[in-house]
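> Please find protein-v5.tsv (TSV, C-alpha atoms) on the next line:
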```tsv
chain	number	residue	atom	x	y	z
P	53	MET	CA	-0.33	-14.30	0.60
P	54	SER	CA	-2.89	-13.41	-2.06
P	55	GLY	CA	-5.43	-15.89	-3.35
P	56	HIS	CA	-3.70	-15.80	-6.74
P	57	SER	CA	-0.43	-16.93	-5.16
P	58	LYS	CA	-2.07	-19.65	-3.07
P	59	TRP	CA	-4.00	-21.01	-6.06
P	60	SER	CA	-0.81	-20.94	-8.12
P	61	ASN	CA	0.88	-23.08	-5.48
P	62	ILE	CA	-2.02	-25.54	-5.33
P	63	LYS	CA	-1.84	-25.93	-9.12
P	64	HIS	CA	1.93	-26.30	-9.00
P	65	LYS	CA	1.69	-29.14	-6.47
P	66	LYS	CA	-1.09	-30.84	-8.43
P	67	ALA	CA	0.94	-30.60	-11.63
P	68	ARG	CA	3.89	-32.34	-10.01
P	69	GLU	CA	1.63	-35.20	-8.94
P	70	ASP	CA	-0.55	-35.23	-12.07
P	71	ALA	CA	-0.86	-38.59	-13.81
P	72	ARG	CA	-1.26	-36.84	-17.17
P	73	ARG	CA	2.45	-36.07	-17.31
P	74	GLY	CA	2.50	-36.21	-21.09
P	75	LYS	CA	0.37	-33.08	-21.21
P	76	ILE	CA	2.48	-31.29	-18.60
P	77	PHE	CA	5.65	-32.20	-20.46
P	78	THR	CA	4.18	-30.82	-23.70
P	79	LYS	CA	3.59	-27.43	-22.07
P	80	LEU	CA	7.09	-27.41	-20.59
P	81	ALA	CA	8.67	-28.48	-23.89
P	82	ARG	CA	6.90	-25.67	-25.72
P	83	GLU	CA	8.16	-23.15	-23.16
P	84	ILE	CA	11.72	-24.43	-23.68
P	85	GLU	CA	11.32	-24.35	-27.45
P	86	MET	CA	10.11	-20.75	-27.51
P	87	THR	CA	12.82	-19.47	-25.16
P	88	ALA	CA	15.50	-21.28	-27.21
P	89	ARG	CA	14.10	-19.74	-30.40
P	90	ALA	CA	14.11	-16.25	-28.88
P	91	GLY	CA	17.52	-16.32	-27.22
P	92	GLY	CA	19.48	-19.34	-28.47
P	93	GLY	CA	20.28	-22.73	-26.98
P	94	ASP	CA	23.05	-21.74	-24.55
P	95	ILE	CA	21.84	-21.46	-20.94
P	96	GLU	CA	24.88	-19.33	-20.06
P	97	THR	CA	23.66	-16.54	-22.32
P	98	ASN	CA	19.92	-17.29	-22.35
P	99	PHE	CA	18.58	-16.90	-18.82
P	100	SER	CA	14.97	-17.55	-19.85
P	101	LEU	CA	16.01	-20.92	-21.26
P	102	ARG	CA	17.85	-21.77	-18.06
P	103	LEU	CA	14.70	-21.01	-16.07
P	104	ALA	CA	12.49	-23.05	-18.43
P	105	ILE	CA	14.84	-26.03	-18.07
P	106	GLU	CA	14.77	-25.66	-14.27
P	107	HIS	CA	10.96	-25.84	-14.36
P	108	ALA	CA	11.18	-28.96	-16.54
P	109	ARG	CA	13.62	-30.62	-14.15
P	110	ASP	CA	11.38	-29.77	-11.19
P	111	ALA	CA	8.61	-31.72	-12.96
P	112	ASN	CA	11.00	-34.66	-13.60
P	113	MET	CA	10.85	-34.19	-17.34
P	114	PRO	CA	13.29	-36.57	-19.09
P	115	SER	CA	16.53	-35.01	-20.36
P	116	ASP	CA	15.88	-36.32	-23.88
P	117	ASN	CA	12.63	-34.33	-24.02
P	118	VAL	CA	14.48	-31.21	-22.92
P	119	GLU	CA	17.19	-31.64	-25.56
P	120	ARG	CA	14.65	-32.22	-28.35
P	121	ALA	CA	12.76	-29.07	-27.35
P	122	ILE	CA	15.97	-27.02	-27.47
P	123	LYS	CA	16.80	-28.39	-30.93
P	124	ARG	CA	13.33	-27.51	-32.20
P	125	GLY	CA	13.78	-23.98	-30.89
P	126	THR	CA	17.23	-23.46	-32.36
P	127	GLY	CA	16.23	-24.92	-35.73
P	128	GLU	CA	18.42	-28.02	-35.51
P	129	ASP	CA	15.29	-30.14	-35.86
P	130	LYS	CA	14.27	-29.26	-39.41
P	131	ASP	CA	11.02	-31.25	-39.22
P	132	ALA	CA	9.60	-29.31	-36.24
P	133	ALA	CA	6.34	-27.44	-36.75
P	134	LYS	CA	6.63	-23.66	-36.45
P	135	MET	CA	5.27	-22.51	-33.09
P	136	GLU	CA	4.20	-19.00	-32.07
P	137	GLN	CA	3.48	-17.42	-28.72
P	138	ILE	CA	0.23	-15.45	-28.41
P	139	CYS	CA	-1.72	-13.91	-25.54
P	140	TYR	CA	-5.50	-13.71	-26.01
P	141	GLU	CA	-7.76	-11.45	-23.98
P	142	GLY	CA	-11.28	-12.25	-22.89
P	143	TYR	CA	-13.93	-12.41	-20.20
P	144	ALA	CA	-15.22	-15.28	-18.12
P	145	PRO	CA	-18.78	-15.20	-16.71
P	146	HIS	CA	-19.66	-12.30	-14.35
P	147	GLY	CA	-17.21	-9.92	-16.03
P	148	VAL	CA	-13.99	-11.58	-14.84
P	149	ALA	CA	-11.05	-10.42	-17.00
P	150	LEU	CA	-8.78	-13.09	-18.49
P	151	MET	CA	-5.34	-13.11	-20.09
P	152	ILE	CA	-4.74	-16.44	-21.86
P	153	ASP	CA	-1.12	-17.25	-22.75
P	154	CYS	CA	-0.76	-19.77	-25.59
P	155	ILE	CA	1.92	-21.46	-27.67
P	156	THR	CA	0.52	-22.93	-30.86
P	157	ASP	CA	1.27	-24.16	-34.36
P	158	ASN	CA	-2.32	-23.46	-35.46
P	159	ARG	CA	-3.75	-20.09	-34.44
P	160	ASN	CA	-7.19	-20.82	-35.91
P	161	ARG	CA	-7.55	-23.99	-33.81
P	162	THR	CA	-6.45	-22.20	-30.67
P	163	VAL	CA	-8.88	-19.30	-31.08
P	164	ALA	CA	-11.76	-21.65	-31.88
P	165	ASP	CA	-11.06	-23.77	-28.77
P	166	ILE	CA	-10.86	-20.75	-26.47
P	167	ARG	CA	-13.96	-19.14	-27.96
P	168	HIS	CA	-15.92	-22.38	-27.52
P	169	VAL	CA	-15.07	-22.67	-23.80
P	170	LEU	CA	-15.81	-19.00	-23.10
P	171	SER	CA	-19.04	-18.71	-25.10
P	172	LYS	CA	-20.41	-21.94	-23.63
P	173	ALA	CA	-19.89	-20.50	-20.14
P	174	GLY	CA	-21.40	-17.09	-20.94
P	175	GLY	CA	-18.11	-15.25	-21.49
P	176	GLY	CA	-16.34	-14.16	-24.65
P	177	MET	CA	-13.17	-13.09	-26.42
P	178	GLY	CA	-11.98	-9.49	-26.13
P	179	ASP	CA	-10.22	-7.17	-28.56
P	180	SER	CA	-6.49	-6.60	-28.19
P	181	GLY	CA	-5.90	-4.16	-25.33
P	182	SER	CA	-9.42	-4.49	-23.89
P	183	VAL	CA	-8.19	-6.50	-20.89
P	184	ALA	CA	-4.39	-6.14	-20.76
P	185	TRP	CA	-4.52	-2.72	-19.07
P	186	GLN	CA	-5.97	-4.37	-15.97
P	187	PHE	CA	-2.78	-6.39	-15.33
P	188	SER	CA	0.90	-5.83	-14.56
P	189	ARG	CA	3.67	-8.37	-15.14
P	190	ILE	CA	5.66	-9.19	-12.00
P	191	SER	CA	8.34	-11.64	-10.90
P	192	PHE	CA	7.67	-14.00	-8.00
P	193	PHE	CA	9.47	-16.59	-5.89
P	194	ASN	CA	7.63	-18.98	-3.56
P	195	ILE	CA	9.92	-20.32	-0.85
P	196	PRO	CA	8.90	-23.05	1.66
P	197	ALA	CA	8.28	-21.33	5.00
P	198	ASN	CA	9.16	-24.37	7.12
P	199	GLU	CA	12.70	-24.50	5.69
P	200	ASN	CA	13.55	-20.80	5.83
P	201	ASP	CA	13.63	-17.83	8.19
P	202	TYR	CA	11.37	-14.94	7.21
P	203	ASP	CA	13.78	-12.25	8.39
P	204	THR	CA	16.61	-13.75	6.33
P	205	ILE	CA	14.41	-13.87	3.20
P	206	PHE	CA	13.15	-10.34	3.84
P	207	GLU	CA	16.70	-9.00	4.13
P	208	LEU	CA	17.74	-10.77	0.93
P	209	ALA	CA	14.69	-9.42	-0.90
P	210	LEU	CA	15.45	-5.89	0.28
P	211	GLU	CA	19.05	-6.12	-0.91
P	212	THR	CA	18.07	-7.40	-4.36
P	213	GLY	CA	15.43	-4.75	-5.10
P	214	ALA	CA	12.23	-6.72	-4.48
P	215	GLU	CA	8.96	-4.85	-3.95
P	216	ASP	CA	7.28	-7.01	-1.31
P	217	VAL	CA	7.64	-10.13	0.85
P	218	ILE	CA	4.49	-11.96	1.96
P	219	GLU	CA	4.28	-14.88	4.39
P	220	ASP	CA	1.65	-17.48	5.17
P	221	GLU	CA	1.75	-20.87	6.88
P	222	ASP	CA	3.25	-22.62	3.84
P	223	PHE	CA	5.28	-20.13	1.84
P	224	ILE	CA	7.26	-16.93	1.88
P	225	GLU	CA	6.69	-15.12	-1.40
P	226	ILE	CA	9.05	-12.52	-2.84
P	227	ILE	CA	7.47	-10.16	-5.38
P	228	GLY	CA	9.36	-7.73	-7.59
P	229	HIS	CA	9.51	-5.99	-10.93
P	230	VAL	CA	10.36	-8.12	-13.97
P	231	GLU	CA	13.75	-6.41	-14.25
P	232	VAL	CA	14.99	-7.77	-10.89
P	233	PHE	CA	13.99	-11.40	-11.52
P	234	LYS	CA	17.46	-12.59	-12.51
P	235	THR	CA	19.12	-10.72	-9.64
P	236	ILE	CA	16.83	-12.32	-7.05
P	237	HIS	CA	17.01	-15.75	-8.72
P	238	ASP	CA	20.82	-15.79	-8.78
P	239	ARG	CA	21.06	-14.54	-5.19
P	240	LEU	CA	18.70	-17.25	-3.94
P	241	GLN	CA	20.75	-19.88	-5.76
P	242	ALA	CA	24.01	-18.48	-4.36
P	243	GLU	CA	22.57	-18.70	-0.84
P	244	GLY	CA	21.34	-22.26	-1.42
P	245	ILE	CA	17.70	-21.24	-0.93
P	246	LYS	CA	15.35	-23.47	-2.93
P	247	THR	CA	12.05	-22.24	-4.35
P	248	GLU	CA	8.86	-24.26	-4.74
P	249	ASP	CA	7.93	-22.16	-7.75
P	250	SER	CA	9.20	-19.01	-9.46
P	251	GLY	CA	8.79	-17.08	-12.66
P	252	LEU	CA	6.88	-14.19	-14.20
P	253	ARG	CA	3.13	-13.81	-13.96
P	254	LEU	CA	0.40	-11.32	-14.72
P	255	GLN	CA	-0.98	-9.78	-11.53
P	256	PRO	CA	-4.35	-7.96	-11.61
P	257	ASN	CA	-4.18	-4.29	-10.64
P	258	GLN	CA	-7.50	-4.71	-8.85
P	259	ASP	CA	-9.36	-7.90	-7.92
P	260	LEU	CA	-13.03	-8.57	-8.66
P	261	SER	CA	-14.90	-10.14	-5.74
P	262	LEU	CA	-17.72	-12.65	-6.30
P	263	ASP	CA	-19.68	-14.96	-4.01
P	264	LEU	CA	-18.47	-18.53	-3.48
P	265	GLU	CA	-20.77	-20.15	-6.06
P	266	LYS	CA	-19.82	-17.68	-8.81
P	267	THR	CA	-16.11	-17.89	-7.88
P	268	LEU	CA	-16.14	-21.67	-8.24
P	269	GLN	CA	-18.04	-21.36	-11.54
P	270	VAL	CA	-15.39	-19.00	-12.94
P	271	MET	CA	-12.54	-21.16	-11.65
P	272	GLY	CA	-14.13	-24.12	-13.43
P	273	VAL	CA	-14.02	-22.15	-16.70
P	274	ILE	CA	-10.37	-21.19	-16.08
P	275	GLU	CA	-9.45	-24.83	-15.47
P	276	LYS	CA	-11.16	-25.83	-18.74
P	277	LEU	CA	-9.13	-23.20	-20.56
P	278	GLU	CA	-5.91	-24.40	-18.92
P	279	ASP	CA	-6.72	-27.94	-20.05
P	280	LEU	CA	-6.73	-26.85	-23.71
P	281	PHE	CA	-3.76	-28.24	-25.63
P	282	ASP	CA	-2.38	-24.86	-26.74
P	283	VAL	CA	-2.92	-22.93	-23.49
P	284	GLN	CA	0.12	-22.44	-21.26
P	285	SER	CA	-1.48	-20.38	-18.47
P	286	VAL	CA	-4.49	-18.23	-17.62
P	287	SER	CA	-4.43	-15.08	-15.48
P	288	SER	CA	-7.57	-13.48	-14.07
P	289	ASN	CA	-8.64	-10.59	-11.85
P	290	LEU	CA	-10.90	-12.87	-9.80
P	291	GLU	CA	-10.43	-12.56	-6.04
P	292	ILE	CA	-10.03	-16.09	-4.67
P	293	SER	CA	-11.17	-16.35	-1.04
P	294	ASP	CA	-9.79	-18.85	1.48
P	295	GLU	CA	-13.16	-20.60	1.40
P	296	ALA	CA	-12.92	-21.00	-2.37
P	297	LEU	CA	-9.31	-22.20	-2.10
P	298	GLU	CA	-10.38	-24.93	0.34
P	299	LYS	CA	-12.98	-26.16	-2.15
P	300	LEU	CA	-10.55	-26.00	-5.07
P	301	ALA	CA	-7.85	-27.89	-3.16
P	302	GLU	CA	-10.15	-30.86	-2.51
```
Please render this file's structure as structure tokens.


Amino acid sequence: MSGHSKWSNIKHKKAREDARRGKIFTKLAREIEMTARAGGGDIETNFSLRLAIEHARDANMPSDNVERAIKRGTGEDKDAAKMEQICYEGYAPHGVALMIDCITDNRNRTVADIRHVLSKAGGGMGDSGSVAWQFSRISFFNIPANENDYDTIFELALETGAEDVIEDEDFIEIIGHVEVFKTIHDRLQAEGIKTEDSGLRLQPNQDLSLDLEKTLQVMGVIEKLEDLFDVQSVSSNLEISDEALEKLAE
């Protein structure tokens, strides 16, 4: 399993145990709000909303929070601030490419916060399109390896049009095009196979390798970006070695 996948799983586990749940719930609520705004508040017809709610439930987000987020998205809550979804492009130190997904009600604040973190670290913002070409959007499903048989998962992935299946000591990961996400998701549910994490993510077309010290420096910058109030997620083309993962997991 790639370093990106392993680091994603480490972050996912940390998020579920994070004491700052209010912040996590805010990010989840914004995701629900935006998907409800884009496709309506009915999970039967809005698959993205159904997935966002599943993520919220996995994090033990209260049902009342979920309902309020849906109402903000559908316009039932007339007092809700208008949110917009934006992806900013930039560079961390040492030329590492970044895609920074945000949901915000104040674009000027968001840009200023991101620019401050990047410039302080020796990076900077990029023009639209300057970084995006280095990434492809994929669907992924991380399935606990100790609860499932690899051959069974591989067969299911093959039947549902997945591109790859990768295994390590903790997880079996299914990777596919964005278009097959719902097909794989529904098949896994029908078979009673639970995922630790799933969704869509930006995958670098080619990784950039740095030494351990520089890798940890860049990961520190990425974590600062992810801690910003308006930032939902950060994707990079940094190759994350097993040695770096051990340090980051501490």

> Can you measure CA of Thr267 (chain P) to CA of Ala164 (chain P) for me? One decimal in Å is fine.

24.7 Å

> What is the CA of Ile155 (chain P)-CA of Ala90 (chain P) distance in Å, reported with one decimal?

13.3 Å

> Using all atoms listed in the file for the distances, tell me which of P:Phe77, P:Ala121, P:Glu275, P:Arg102 is nearest to Arg89 (chain P).

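Of the candidates, the smallest distance to Arg89 (chain P) is held by P:Ala121.
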
> At what distance in Å, to one decimal, does CA of Pro196 (chain P) lie from CA of Glu221 (chain P)?

9.1 Å

> Which one of P:Asn200, P:Leu262, P:Arg159, P:Leu280 sits closest to Ser293 (chain P) if you count all atoms listed in the file?

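Checking each of P:Asn200, P:Leu262, P:Arg159, P:Leu280 against Ser293 (chain P), counting all atoms listed in the file, the winner is P:Leu262.
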
> Using all atoms listed in the file, which residues sit within 6 Å of region 168-178 of chain P once same-chain residues fewer than 4 positions away are excluded, as a PyMOL selection string?

chain P and resi 141-145

> Find the spatial neighbours of Gln137 (chain P), counting only C-alpha atoms, within a cut-off of 8 Å - ignore same-chain residues fewer than 2 positions away - and output them as JSON, numbers by chain.

{"P": [86, 135, 139, 153, 154, 155, 156]}

> Which residues, protein or nucleic acid, reach to within 12 Å of (13.3, -26.0, -12.1) in the file's coordinates when using only C-alpha atoms, and can you give that as a VMD selection string?

chain P and resid 64 68 80 84 100 to 113 193 237 241 246 to 251

> Which of these, P:Glu298, P:Glu96, P:Ile224, P:Ala88, has the shortest distance to Glu128 (chain P) once you count only C-alpha atoms?

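Of P:Glu298, P:Glu96, P:Ile224, P:Ala88, the one nearest Glu128 (chain P), counting only C-alpha atoms, is P:Ala88.
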
> Given all atoms listed in the file as the basis, pick out the residue of P:Asn198, P:Thr235, P:Thr87, P:Ser188 nearest to Leu210 (chain P).

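Among P:Asn198, P:Thr235, P:Thr87, P:Ser188, it is P:Thr235 that comes nearest to Leu210 (chain P).
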
> Within 12 Å of (-18.6, -20.6, -0.1) (coordinates as in the file), grab all the protein and nucleic acid residues, counting only C-alpha atoms, and write them out as a ChimeraX atom specification.

/P:262-269,292-300

> Smallest atom-to-atom distance to Lys75 (chain P): which of P:Val283, P:Ile227, P:Leu252, P:Ile245, using only C-alpha atoms?

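Under the stated criterion, the closest residue is P:Val283.
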
> Would you pick out the contacts of Ala214 (chain P) at 10 Å or less, using only C-alpha atoms, so that residues sharing its chain but fewer than 6 positions from it are not included, and give the list as a list in words?

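In the requested form, the answer reads Ser191, Phe192, Phe206, Glu207, Leu208, Ile226, Ile227, Gly228, His229, Val230, Glu231, Val232, Phe233, Thr235 and Ile236 of chain P.
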
> Could you work out an axis-aligned box for region 99-113 of chain P, taking every atom the file lists and adding 3 Å on each side, and report centre and edge lengths in Å to one decimal, as lines of an AutoDock Vina configuration file?


```
center_x = 13.6
center_y = -25.8
center_z = -16.2
size_x = 16.0
size_y = 23.8
size_z = 16.1
```

> Considering all atoms listed in the file, can you say which of P:Glu136, P:Glu219, P:Asp179, P:Glu278 comes closest to Asp203 (chain P)?

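Counting all atoms listed in the file, the residue closest to Asp203 (chain P) is P:Glu219.
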
> Need to verify the contact set: region 257-260 of chain P, 9 Å, all atoms listed in the file, exclusion of same-chain residues closer than 4 positions in sequence. Can you return it as a compact mmCIF listing (two decimals) with C-alpha atoms, in the coordinates of the input?


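That gives us part-v1.txt:
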```
# COMPACT_ATOMS: atom_id res chain seq x y z
CA GLY P 147 -17.21 -9.92 -16.03
CA VAL P 148 -13.99 -11.58 -14.84
CA ALA P 149 -11.05 -10.42 -17.00
CA TRP P 185 -4.52 -2.72 -19.07
CA GLN P 186 -5.97 -4.37 -15.97
CA PHE P 187 -2.78 -6.39 -15.33
CA SER P 188 0.90 -5.83 -14.56
CA SER P 288 -7.57 -13.48 -14.07
CA ASN P 289 -8.64 -10.59 -11.85
CA LEU P 290 -10.90 -12.87 -9.80
CA GLU P 291 -10.43 -12.56 -6.04
CA ILE P 292 -10.03 -16.09 -4.67
```
